[in-house]
Amino acid sequence: MIKMIMIGCNGHMGQVISGLVRDDPEAQIAAGIDVTDDRENGYPVFTDIRKCDVAADVAIDFSAPQALDGVLEYCVGHQVPAVLCSTGLSERQLAQISEASKKVAVLKSANMSLGINTLLHLIQEAAKVLAGAGFDMEVVEKHHRLKKDAPSGTALALADSLNEAMGDAYHYVYDRSQRVQARDDKEIGLSAVRGGTIVGEHDVIFAGPDEVVTFSHTAYSKAVFGKGAVEAAKFLAGKPAGYYDMSDVISGT
């Protein structure tokens, strides 16, 4: 039985993960961390992570960027591997994560979905064949109307995966409205759509002469991110210090 600490337990994703783990015979949430403890979760909740005295094998952080310092301090101090799911981290915070990974196992990913992380590998193989044959590459992402950043972190991760497969020879184009010219051979276009309640849709398009190949991923609920986080936590428990990502979870190494 893998015991987990759920950081941000009373938030939406914290509750999604609590529900998933509740039905998982291989895992248990031993404690939660949140700014309030006014919800009945079936496990003790601490409003100050420094006061958490419950033994655990791994922590999942779905809180907020401003909580990262305390999370890393706790996990390093107690040697608890950490699955970090918060987005919007600064360069300084990313450097802190890298430093912490020298002392404890840390897993950070732009998207916790198992489907997206499988897609990252599939499109690399496609790029080597199709882009190598002159196909143009485009990434189109769609999200709900309240999402503030664009393009999404996942869209950028997909573009990075394509670029990596092609030896980082491409550059990114985010807006063609001010350009009056044909695209060049070494650009990857990224387009963002915002509207309604779209959870997340990502298309990777390979457009060649007289044929188009499209890889698509659609998230119908945020539960897909929770499922990925739980699988990541199971993978990370017991691992030595190091910086891991979802590709390690998928490969099982």
# chains A, B, ... in the order shown; residues from 1 in each chain; ligands from 1
$ residues_around --residues "stretch 101-107 of chain A" --least-positions-apart "6" --cutoff "10 Å" --atoms "only C-alpha atoms" --output "ChimeraX atom specification"
/A:58-60,72,75-85,95,229,232-233,235-246,248-249
$ residues_around --residues "A:Tyr170" --least-positions-apart "5" --cutoff "8 Å" --atoms "only C-alpha atoms" --output "list in words"
Asn163, Lys186, Glu187 and Ile188 of chain A
$ atom_distance --atom1 "atom CA of A:Ile17" --atom2 "atom CA of A:Glu231"
10.7 Å
$ residues_around --residues "stretch 25-37 of chain A" --least-positions-apart "2" --cutoff "6 Å" --atoms "only C-alpha atoms" --output "NGL selection string"
:A and (1-9 or 21 or 39 or 43-47)
$ select_by_dssp --residues "stretch 11-140 of chain A" --states "strand (DSSP E or B)" --output "PDB file with N, CA, C and O atoms, in the first residue's frame"
ATOM      1  N   ALA A  27      -3.299   2.141  -3.162  1.00  0.00           N
ATOM      2  CA  ALA A  27      -2.883   3.442  -2.640  1.00  0.00           C
ATOM      3  C   ALA A  27      -3.819   3.940  -1.552  1.00  0.00           C
ATOM      4  O   ALA A  27      -4.975   3.518  -1.457  1.00  0.00           O
ATOM      5  N   GLN A  28      -3.315   4.876  -0.757  1.00  0.00           N
ATOM      6  CA  GLN A  28      -4.093   5.481   0.329  1.00  0.00           C
ATOM      7  C   GLN A  28      -3.582   6.896   0.571  1.00  0.00           C
ATOM      8  O   GLN A  28      -2.366   7.134   0.560  1.00  0.00           O
ATOM      9  N   ILE A  29      -4.476   7.846   0.744  1.00  0.00           N
ATOM     10  CA  ILE A  29      -4.061   9.183   1.152  1.00  0.00           C
ATOM     11  C   ILE A  29      -3.955   9.203   2.661  1.00  0.00           C
ATOM     12  O   ILE A  29      -4.954   9.034   3.371  1.00  0.00           O
ATOM     13  N   ALA A  30      -2.725   9.388   3.142  1.00  0.00           N
ATOM     14  CA  ALA A  30      -2.471   9.346   4.582  1.00  0.00           C
ATOM     15  C   ALA A  30      -2.750  10.683   5.237  1.00  0.00           C
ATOM     16  O   ALA A  30      -3.099  10.749   6.423  1.00  0.00           O
ATOM     17  N   ALA A  31      -2.582  11.784   4.459  1.00  0.00           N
ATOM     18  CA  ALA A  31      -2.806  13.116   5.012  1.00  0.00           C
ATOM     19  C   ALA A  31      -2.994  14.104   3.870  1.00  0.00           C
ATOM     20  O   ALA A  31      -2.573  13.860   2.736  1.00  0.00           O
ATOM     21  N   GLY A  32      -3.644  15.209   4.207  1.00  0.00           N
ATOM     22  CA  GLY A  32      -3.837  16.269   3.234  1.00  0.00           C
ATOM     23  C   GLY A  32      -3.290  17.582   3.759  1.00  0.00           C
ATOM     24  O   GLY A  32      -3.160  17.777   4.973  1.00  0.00           O
ATOM     25  N   ILE A  33      -2.953  18.478   2.825  1.00  0.00           N
ATOM     26  CA  ILE A  33      -2.475  19.819   3.176  1.00  0.00           C
ATOM     27  C   ILE A  33      -3.332  20.828   2.433  1.00  0.00           C
ATOM     28  O   ILE A  33      -3.534  20.704   1.213  1.00  0.00           O
ATOM     29  N   VAL A  45      -6.102  16.602   7.869  1.00  0.00           N
ATOM     30  CA  VAL A  45      -5.708  17.718   7.014  1.00  0.00           C
ATOM     31  C   VAL A  45      -4.948  18.733   7.857  1.00  0.00           C
ATOM     32  O   VAL A  45      -5.411  19.139   8.925  1.00  0.00           O
ATOM     33  N   PHE A  46      -3.796  19.165   7.371  1.00  0.00           N
ATOM     34  CA  PHE A  46      -2.968  20.148   8.058  1.00  0.00           C
ATOM     35  C   PHE A  46      -2.971  21.452   7.262  1.00  0.00           C
ATOM     36  O   PHE A  46      -2.811  21.437   6.038  1.00  0.00           O
ATOM     37  N   VAL A  58       5.038   9.230  -0.646  1.00  0.00           N
ATOM     38  CA  VAL A  58       5.112  10.169  -1.758  1.00  0.00           C
ATOM     39  C   VAL A  58       4.103  11.289  -1.525  1.00  0.00           C
ATOM     40  O   VAL A  58       3.102  11.099  -0.811  1.00  0.00           O
ATOM     41  N   ALA A  59       4.367  12.455  -2.099  1.00  0.00           N
ATOM     42  CA  ALA A  59       3.432  13.580  -2.010  1.00  0.00           C
ATOM     43  C   ALA A  59       3.021  14.002  -3.413  1.00  0.00           C
ATOM     44  O   ALA A  59       3.828  13.966  -4.348  1.00  0.00           O
ATOM     45  N   ILE A  60       1.744  14.396  -3.550  1.00  0.00           N
ATOM     46  CA  ILE A  60       1.242  14.961  -4.798  1.00  0.00           C
ATOM     47  C   ILE A  60       0.868  16.409  -4.520  1.00  0.00           C
ATOM     48  O   ILE A  60       0.075  16.689  -3.618  1.00  0.00           O
ATOM     49  N   ASP A  61       1.442  17.325  -5.291  1.00  0.00           N
ATOM     50  CA  ASP A  61       1.170  18.756  -5.085  1.00  0.00           C
ATOM     51  C   ASP A  61       0.330  19.301  -6.228  1.00  0.00           C
ATOM     52  O   ASP A  61       0.799  19.458  -7.345  1.00  0.00           O
ATOM     53  N   ALA A  82       8.252  13.746  -4.513  1.00  0.00           N
ATOM     54  CA  ALA A  82       7.203  14.727  -4.798  1.00  0.00           C
ATOM     55  C   ALA A  82       6.791  14.708  -6.266  1.00  0.00           C
ATOM     56  O   ALA A  82       7.640  14.820  -7.157  1.00  0.00           O
ATOM     57  N   VAL A  83       5.484  14.576  -6.505  1.00  0.00           N
ATOM     58  CA  VAL A  83       4.906  14.738  -7.835  1.00  0.00           C
ATOM     59  C   VAL A  83       4.347  16.155  -7.885  1.00  0.00           C
ATOM     60  O   VAL A  83       3.381  16.473  -7.185  1.00  0.00           O
ATOM     61  N   LEU A  84       4.955  17.016  -8.695  1.00  0.00           N
ATOM     62  CA  LEU A  84       4.602  18.435  -8.730  1.00  0.00           C
ATOM     63  C   LEU A  84       3.723  18.725  -9.939  1.00  0.00           C
ATOM     64  O   LEU A  84       4.168  18.607 -11.085  1.00  0.00           O
ATOM     65  N   ALA A 105      13.581  12.366  -4.891  1.00  0.00           N
ATOM     66  CA  ALA A 105      12.949  12.112  -6.185  1.00  0.00           C
ATOM     67  C   ALA A 105      11.850  13.141  -6.446  1.00  0.00           C
ATOM     68  O   ALA A 105      10.979  13.357  -5.602  1.00  0.00           O
ATOM     69  N   VAL A 106      11.898  13.785  -7.610  1.00  0.00           N
ATOM     70  CA  VAL A 106      10.925  14.802  -7.990  1.00  0.00           C
ATOM     71  C   VAL A 106      10.429  14.500  -9.402  1.00  0.00           C
ATOM     72  O   VAL A 106      11.234  14.198 -10.298  1.00  0.00           O
ATOM     73  N   LEU A 107       9.127  14.571  -9.603  1.00  0.00           N
ATOM     74  CA  LEU A 107       8.556  14.402 -10.945  1.00  0.00           C
ATOM     75  C   LEU A 107       7.759  15.641 -11.292  1.00  0.00           C
ATOM     76  O   LEU A 107       6.862  16.042 -10.557  1.00  0.00           O
ATOM     77  N   LYS A 108       8.095  16.258 -12.412  1.00  0.00           N
ATOM     78  CA  LYS A 108       7.404  17.453 -12.893  1.00  0.00           C
ATOM     79  C   LYS A 108       7.067  17.252 -14.359  1.00  0.00           C
ATOM     80  O   LYS A 108       7.897  16.811 -15.136  1.00  0.00           O
ATOM     81  N   ASP A 136       4.582  20.132 -43.463  1.00  0.00           N
ATOM     82  CA  ASP A 136       4.545  21.239 -42.502  1.00  0.00           C
ATOM     83  C   ASP A 136       3.912  20.749 -41.200  1.00  0.00           C
ATOM     84  O   ASP A 136       3.035  19.879 -41.209  1.00  0.00           O
ATOM     85  N   MET A 137       4.329  21.344 -40.067  1.00  0.00           N
ATOM     86  CA  MET A 137       3.818  20.935 -38.757  1.00  0.00           C
ATOM     87  C   MET A 137       3.134  22.102 -38.058  1.00  0.00           C
ATOM     88  O   MET A 137       3.688  23.206 -37.996  1.00  0.00           O
ATOM     89  N   GLU A 138       1.948  21.849 -37.553  1.00  0.00           N
ATOM     90  CA  GLU A 138       1.167  22.858 -36.831  1.00  0.00           C
ATOM     91  C   GLU A 138       0.582  22.231 -35.568  1.00  0.00           C
ATOM     92  O   GLU A 138       0.228  21.046 -35.553  1.00  0.00           O
ATOM     93  N   VAL A 139       0.458  23.036 -34.510  1.00  0.00           N
ATOM     94  CA  VAL A 139      -0.191  22.610 -33.272  1.00  0.00           C
ATOM     95  C   VAL A 139      -1.359  23.556 -33.007  1.00  0.00           C
ATOM     96  O   VAL A 139      -1.181  24.775 -32.979  1.00  0.00           O
ATOM     97  N   VAL A 140      -2.554  22.982 -32.821  1.00  0.00           N
ATOM     98  CA  VAL A 140      -3.745  23.770 -32.512  1.00  0.00           C
ATOM     99  C   VAL A 140      -4.299  23.304 -31.174  1.00  0.00           C
ATOM    100  O   VAL A 140      -4.514  22.099 -30.973  1.00  0.00           O
TER     101      VAL A 140
END
$ residues_around --residues "A:Asn117" --least-positions-apart "4" --cutoff "9 Å" --atoms "only C-alpha atoms" --output "ChimeraX atom specification"
/A:111-113,121,246-247,250
$ residues_around --residues "A:Glu211" --least-positions-apart "6" --cutoff "12 Å" --atoms "only C-alpha atoms" --output "list in words"
Leu130, Gly134, Phe135, Asp136 and Ile205 of chain A
$ write_last_selection --atoms "C-alpha atoms" --output "tab-separated table (two decimals), in the first residue's frame"
chain	number	residue	atom	x	y	z
A	130	LEU	CA	6.73	13.20	-42.34
A	134	GLY	CA	8.68	18.01	-46.31
A	135	PHE	CA	5.39	18.03	-44.40
A	136	ASP	CA	4.55	21.24	-42.50
A	205	ILE	CA	-1.15	18.48	-37.85
$ atom_distance --atom1 "atom CA of A:Leu162" --atom2 "atom CA of A:Leu190"
12.0 Å
$ closest_residue --among "A:Arg92, A:His143, A:Arg179, A:Lys148" --to "A:Thr218" --atoms "only C-alpha atoms"
A:His143
$ residues_around --residues "A:Ala126" --least-positions-apart "6" --cutoff "10 Å" --atoms "only C-alpha atoms" --output "NGL selection string"
:A and (132 or 162 or 165 or 206 or 213 or 215)
$ write_last_selection --atoms "all heavy atoms" --output "PDB file, in the first residue's frame"
ATOM      1  N   GLY A 132      10.483  15.050 -42.238  1.00  0.00           N
ATOM      2  CA  GLY A 132      11.662  14.728 -43.037  1.00  0.00           C
ATOM      3  C   GLY A 132      11.350  14.647 -44.519  1.00  0.00           C
ATOM      4  O   GLY A 132      12.237  14.827 -45.363  1.00  0.00           O
ATOM      5  N   LEU A 162       8.197  17.841 -31.175  1.00  0.00           N
ATOM      6  CA  LEU A 162       8.411  17.827 -32.622  1.00  0.00           C
ATOM      7  C   LEU A 162       9.796  18.371 -32.966  1.00  0.00           C
ATOM      8  O   LEU A 162      10.535  17.787 -33.769  1.00  0.00           O
ATOM      9  CB  LEU A 162       7.345  18.678 -33.317  1.00  0.00           C
ATOM     10  CG  LEU A 162       5.894  18.204 -33.235  1.00  0.00           C
ATOM     11  CD1 LEU A 162       4.963  19.286 -33.777  1.00  0.00           C
ATOM     12  CD2 LEU A 162       5.703  16.904 -34.008  1.00  0.00           C
ATOM     13  N   ALA A 165      12.671  16.064 -32.132  1.00  0.00           N
ATOM     14  CA  ALA A 165      12.794  14.968 -33.092  1.00  0.00           C
ATOM     15  C   ALA A 165      13.540  15.390 -34.354  1.00  0.00           C
ATOM     16  O   ALA A 165      14.174  14.567 -35.025  1.00  0.00           O
ATOM     17  CB  ALA A 165      11.418  14.431 -33.465  1.00  0.00           C
ATOM     18  N   PHE A 206       0.210  17.359 -39.489  1.00  0.00           N
ATOM     19  CA  PHE A 206       1.276  17.228 -40.471  1.00  0.00           C
ATOM     20  C   PHE A 206       0.630  17.418 -41.840  1.00  0.00           C
ATOM     21  O   PHE A 206      -0.158  16.569 -42.288  1.00  0.00           O
ATOM     22  CB  PHE A 206       1.936  15.849 -40.390  1.00  0.00           C
ATOM     23  CG  PHE A 206       2.660  15.586 -39.099  1.00  0.00           C
ATOM     24  CD1 PHE A 206       1.998  15.007 -38.023  1.00  0.00           C
ATOM     25  CD2 PHE A 206       4.007  15.907 -38.951  1.00  0.00           C
ATOM     26  CE1 PHE A 206       2.665  14.737 -36.832  1.00  0.00           C
ATOM     27  CE2 PHE A 206       4.678  15.651 -37.761  1.00  0.00           C
ATOM     28  CZ  PHE A 206       4.003  15.078 -36.700  1.00  0.00           C
ATOM     29  N   VAL A 213      -2.061  14.422 -42.104  1.00  0.00           N
ATOM     30  CA  VAL A 213      -2.125  13.462 -40.997  1.00  0.00           C
ATOM     31  C   VAL A 213      -2.280  14.261 -39.712  1.00  0.00           C
ATOM     32  O   VAL A 213      -1.502  15.189 -39.455  1.00  0.00           O
ATOM     33  CB  VAL A 213      -0.856  12.599 -40.928  1.00  0.00           C
ATOM     34  CG1 VAL A 213      -0.932  11.638 -39.739  1.00  0.00           C
ATOM     35  CG2 VAL A 213      -0.650  11.828 -42.227  1.00  0.00           C
ATOM     36  N   PHE A 215      -2.846  14.071 -35.430  1.00  0.00           N
ATOM     37  CA  PHE A 215      -2.899  13.371 -34.147  1.00  0.00           C
ATOM     38  C   PHE A 215      -3.712  14.249 -33.196  1.00  0.00           C
ATOM     39  O   PHE A 215      -3.410  15.441 -33.051  1.00  0.00           O
ATOM     40  CB  PHE A 215      -1.497  13.175 -33.574  1.00  0.00           C
ATOM     41  CG  PHE A 215      -0.657  12.167 -34.295  1.00  0.00           C
ATOM     42  CD1 PHE A 215      -0.016  12.500 -35.483  1.00  0.00           C
ATOM     43  CD2 PHE A 215      -0.495  10.888 -33.789  1.00  0.00           C
ATOM     44  CE1 PHE A 215       0.779  11.576 -36.159  1.00  0.00           C
ATOM     45  CE2 PHE A 215       0.293   9.950 -34.451  1.00  0.00           C
ATOM     46  CZ  PHE A 215       0.927  10.302 -35.646  1.00  0.00           C
TER      47      PHE A 215
END
